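Participant: Sharing a structure with you now.
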Amino acid sequence: MRPVRLSIAADPANVRVARLVAVALARSRGYAEPVVDDVRLAVGEACGRAVLTHLDGGVDAPVVVELAGDDEGLAISVTDADPADGDTPVITLQGDSGDPADLAAEGIYLVDAVAVVGGVADHLDVRQGPDGTTLAMRWAPVESLPD
Amino acid sequence: MRPVRLSIAADPANVRVARLVAVALARSRGYAEPVVDDVRLAVGEACGRAVLTHLDGGVDAPVVVELAGDDEGLAISVTDADPADGDTPVITLQGDSGDPADLAAEGIYLVDAVAVVGGVADHLDVRQGPDGTTLAMRWAPVESLPD
Amino acid sequence: MDLSLNARSQGEFEVIEVAGEIDVYTAPRLREALVDLVAKGRHQLVIDVERVEFLDSTGLGVLVGGLKRVRSHNGSLDIVCTQDRLLKIFRITGLTKVFGIFDTVDAAVSSH
Amino acid sequence: MDLSLNARSQGEFEVIEVAGEIDVYTAPRLREALVDLVAKGRHQLVIDVERVEFLDSTGLGVLVGGLKRVRSHNGSLDIVCTQDRLLKIFRITGLTKVFGIFDTVDAAVSSH
Ligand SMILES: Nc1ncnc2c1ncn2[C@@H]1O[C@H](COP(=O)(O)OP(=O)(O)O)[C@@H](O)[C@H]1O
Ligand SMILES: Nc1ncnc2c1ncn2[C@@H]1O[C@H](COP(=O)(O)OP(=O)(O)O)[C@@H](O)[C@H]1O
């Protein structure tokens, strides 16, 4: 399958469209359902985070999701257009975040979406550039692809 | 729902991704299943036609699908990047095409995909520009949207 | 959902049950199957699309191509279809006048 | 699939059955429901997510927010969940240590 790019306006309702496309791609590449679940969750988290970042920052540009499957596995990236500045929280990957209940001021970033992505993708690369942040996720290829 | 743009590499396998997104959007806008079927078919036809046009013409650019739902209904456009030249068959909308069995040299354009789109969309606008062709389809809003 | 094909002989007729999606991606597999059957001398075809979930004009093109091929051997190609959403596309494209379309395989077979 | 919520009283406990997807789009509706219940003096909550098909960190955030809210009234918020794919995200986020997670509503209620 050659690549697909999805640009979604920053609307929470659009996140499920991105999940749907990711799930369709993962299934078509022959991944087992537990991996498909991981892909669904990772893409949902990454897009939800990006959409909320755009809404918070009043960023009008779309969130861009790029999806490709090849012999090296499945690669999905989610890019927001929120310029990294002093206000942008430094994203810490996984790590020991302590008791989440203590964090709960019911903010949207209460549970770290990026940590969830890191927990379910085989590989996660976070690139913060001047124009925005990209979460690049990969999953290893399945052992035997269906015809 | 604010707009979604899907760019698909010209691969027949990607057409189903576009159908899937269109169906998800139509359902989320509250359309009844027979209309959802029409949307699925129209987007499938339009994207199939565009993908084959790219493959035939060796066009490397993606096919672009734009989807939006608002109070005026559902608007979906599919744009190919095949420059209109003398070789491009003039697209005739609907019309009396005679006996399709006579046409059958088993070419891909045997059954006119654009006529099918015109048959299932409430409104179809075909714009042929120097950079490519856009099929812009619309469906009237449903009477009562779900909350 | 991908395409699945299942062919069985019923007297001089060959019944092809198709399930899944017949579209620009999968239609070539259906074409191959039809070409193979004709090459094996099977010219009385009944294509059962009751379990087809999606059919586009590429798929219709393959069906029309199959019809042409069997006709050149004085054969037949009938369709078994009761699903409204598929019948609609046969109607839009004028193909209801080209194919025999039946409610059951038996009705298709006994029409000859 | 959208979110659906169904709440019923079982003694001093309020059981909220959630079905569908709890995500960045629907989580606000769950939050409202929890806020309403707490405002009505219901502080012993059992949230049954057995029919939830998708749960993301926004949804988890709402659950943690609900827990905080009932705790400030000496209440409780337990989760009923046996689905591996949901348990996985509770585990990844460390929330298995924060919530009581039970196999059935009765097990949740009788734990108090
Ligand atoms: N800036 C934001 N921060 C956090 N969540 C947000 C933000 N903007 C929107 N949301 C979430 O998205 C939900 C739906 O957004 P909204 O634009 O009201 O769409 P709808 O009217 O269709 O529900 C909100 O209730 C909220 O939870
Ligand atoms: N230029 C073309 N014209 C018509 N159909 C095409 C063209 N290119 C591809 N297709 C259709 O797409 C099908 C699948 O393409 P292909 O690149 O072989 O993918 P795959 O190897 O996954 O089947 C082809 O068998 C054919 O029907």
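Following the order of the structure tokens, first chain is A, next is B, and so on, with residues numbered from 1 inside each chain and ligands from 1 in the order they appear.
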At a cut-off of 9 Å and counting only C-alpha atoms and all ligand atoms, what residues surround ligand 2? Please answer as number ranges by chain.
Facilitator: A: 1, 147; B: 10-13, 51-58, 107-109; C: 24-29, 31, 58
Participant: Please dump the current selection as an mmCIF file, in the first residue's frame; keep C-alpha atoms.
Facilitator:
data_model
loop_
_atom_site.group_PDB
_atom_site.id
_atom_site.type_symbol
_atom_site.label_atom_id
_atom_site.label_comp_id
_atom_site.auth_asym_id
_atom_site.auth_seq_id
_atom_site.Cartn_x
_atom_site.Cartn_y
_atom_site.Cartn_z
ATOM 1 C CA MET A 1 0.000 0.000 0.000
ATOM 2 C CA ASP A 147 -1.549 -12.403 -0.060
ATOM 3 C CA ALA B 10 -2.580 6.378 -6.821
ATOM 4 C CA ASP B 11 -3.029 2.781 -5.735
ATOM 5 C CA PRO B 12 -6.277 0.858 -6.211
ATOM 6 C CA ALA B 13 -5.896 -0.437 -2.655
ATOM 7 C CA VAL B 51 -6.458 6.519 -9.412
ATOM 8 C CA LEU B 52 -6.670 4.747 -12.773
ATOM 9 C CA THR B 53 -6.200 8.072 -14.545
ATOM 10 C CA HIS B 54 -3.007 8.658 -12.551
ATOM 11 C CA LEU B 55 -1.752 5.135 -13.204
ATOM 12 C CA ASP B 56 -2.538 5.359 -16.915
ATOM 13 C CA GLY B 57 -0.856 8.753 -17.208
ATOM 14 C CA GLY B 58 2.091 7.936 -14.983
ATOM 15 C CA GLY B 107 -11.273 -1.533 -20.813
ATOM 16 C CA ILE B 108 -11.410 0.085 -17.437
ATOM 17 C CA TYR B 109 -13.644 2.936 -18.581
ATOM 18 C CA VAL C 24 -11.027 -1.253 -8.638
ATOM 19 C CA TYR C 25 -8.637 -3.210 -6.417
ATOM 20 C CA THR C 26 -10.265 -6.652 -6.432
ATOM 21 C CA ALA C 27 -12.018 -6.721 -9.820
ATOM 22 C CA PRO C 28 -8.884 -8.116 -11.547
ATOM 23 C CA ARG C 29 -9.190 -11.274 -9.421
ATOM 24 C CA ARG C 31 -11.704 -11.233 -14.154
ATOM 25 C CA THR C 58 -14.811 -1.622 -12.549
#
Participant: Give as a list in words every residue of chain B that touches chain D within 10 Å, counting only C-alpha atoms.
Facilitator: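 On the chain B side, the interface is Ala24, Arg27 and Ser28 of chain B.
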Participant: Give me, as a list of chain:residue names, the contact residues of chain B against chain A at a cut-off of 8 Å, counting only C-alpha atoms.
Facilitator: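 Going by the stated atoms only, the list reads B:Met1, B:Arg2, B:Pro3, B:Val4, B:Arg5, B:Leu6, B:Ser7, B:Ile8, B:Ala9, B:Ala10, B:Asp11, B:Ala13, B:Asn14, B:Val17, B:Leu20, B:Val21, B:Ala24, B:Leu25.
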Participant: Tell me, as a list in words, which residues lie within 7 Å of Val117 in chain B, counting only C-alpha atoms; anything in the same chain fewer than 6 positions away does not count.
Facilitator: Ala42, Glu45 and Ala46 of chain B
Participant: Nearest to ligand 1 among D:Glu12, D:Val62, D:Gly41, D:Arg85, with distances taken over only C-alpha atoms and all ligand atoms: which residue is it?
Facilitator: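 Of all the options, D:Val62 lies closest to ligand 1.
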Participant: Got a sec: who's within 9 Å of Leu55 in chain D, counting only C-alpha atoms, leaving out chain neighbours fewer than 6 positions off, as a list in words?
Facilitator: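 Listed by chain and then number, they are Leu41 of chain A; Gly20, Glu21, Ile22, Asp23, Leu86 and Ile89 of chain D.
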Participant: Report, in Å with one decimal, the straight-line distance from CA of Leu5 in chain D to CA of Ala19 in chain D.
Facilitator: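 Answer for the CA of Leu5 in chain D to CA of Ala19 in chain D separation: 6.5 Å.
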Participant: Run DSSP on the backbone and grab whatever in chain C lands in strand (DSSP E); send it over as a PyMOL selection string.
Facilitator: chain C and resi 4-10+13-22+44-55+76-80+100-102
Participant: Quick one: pick out all helix (DSSP H, G or I) residues within range 3-89 of chain B from a backbone DSSP run and write them as JSON, numbers by chain.
Facilitator: {"B": [12, 13, 14, 15, 16, 17, 18, 19, 20, 21, 22, 23, 24, 25, 26, 27, 28, 33, 34, 35, 36, 37, 38, 39, 40, 41, 42, 43, 44, 45, 46, 47, 48, 49, 50, 51, 52, 53, 54, 55, 56, 57]}
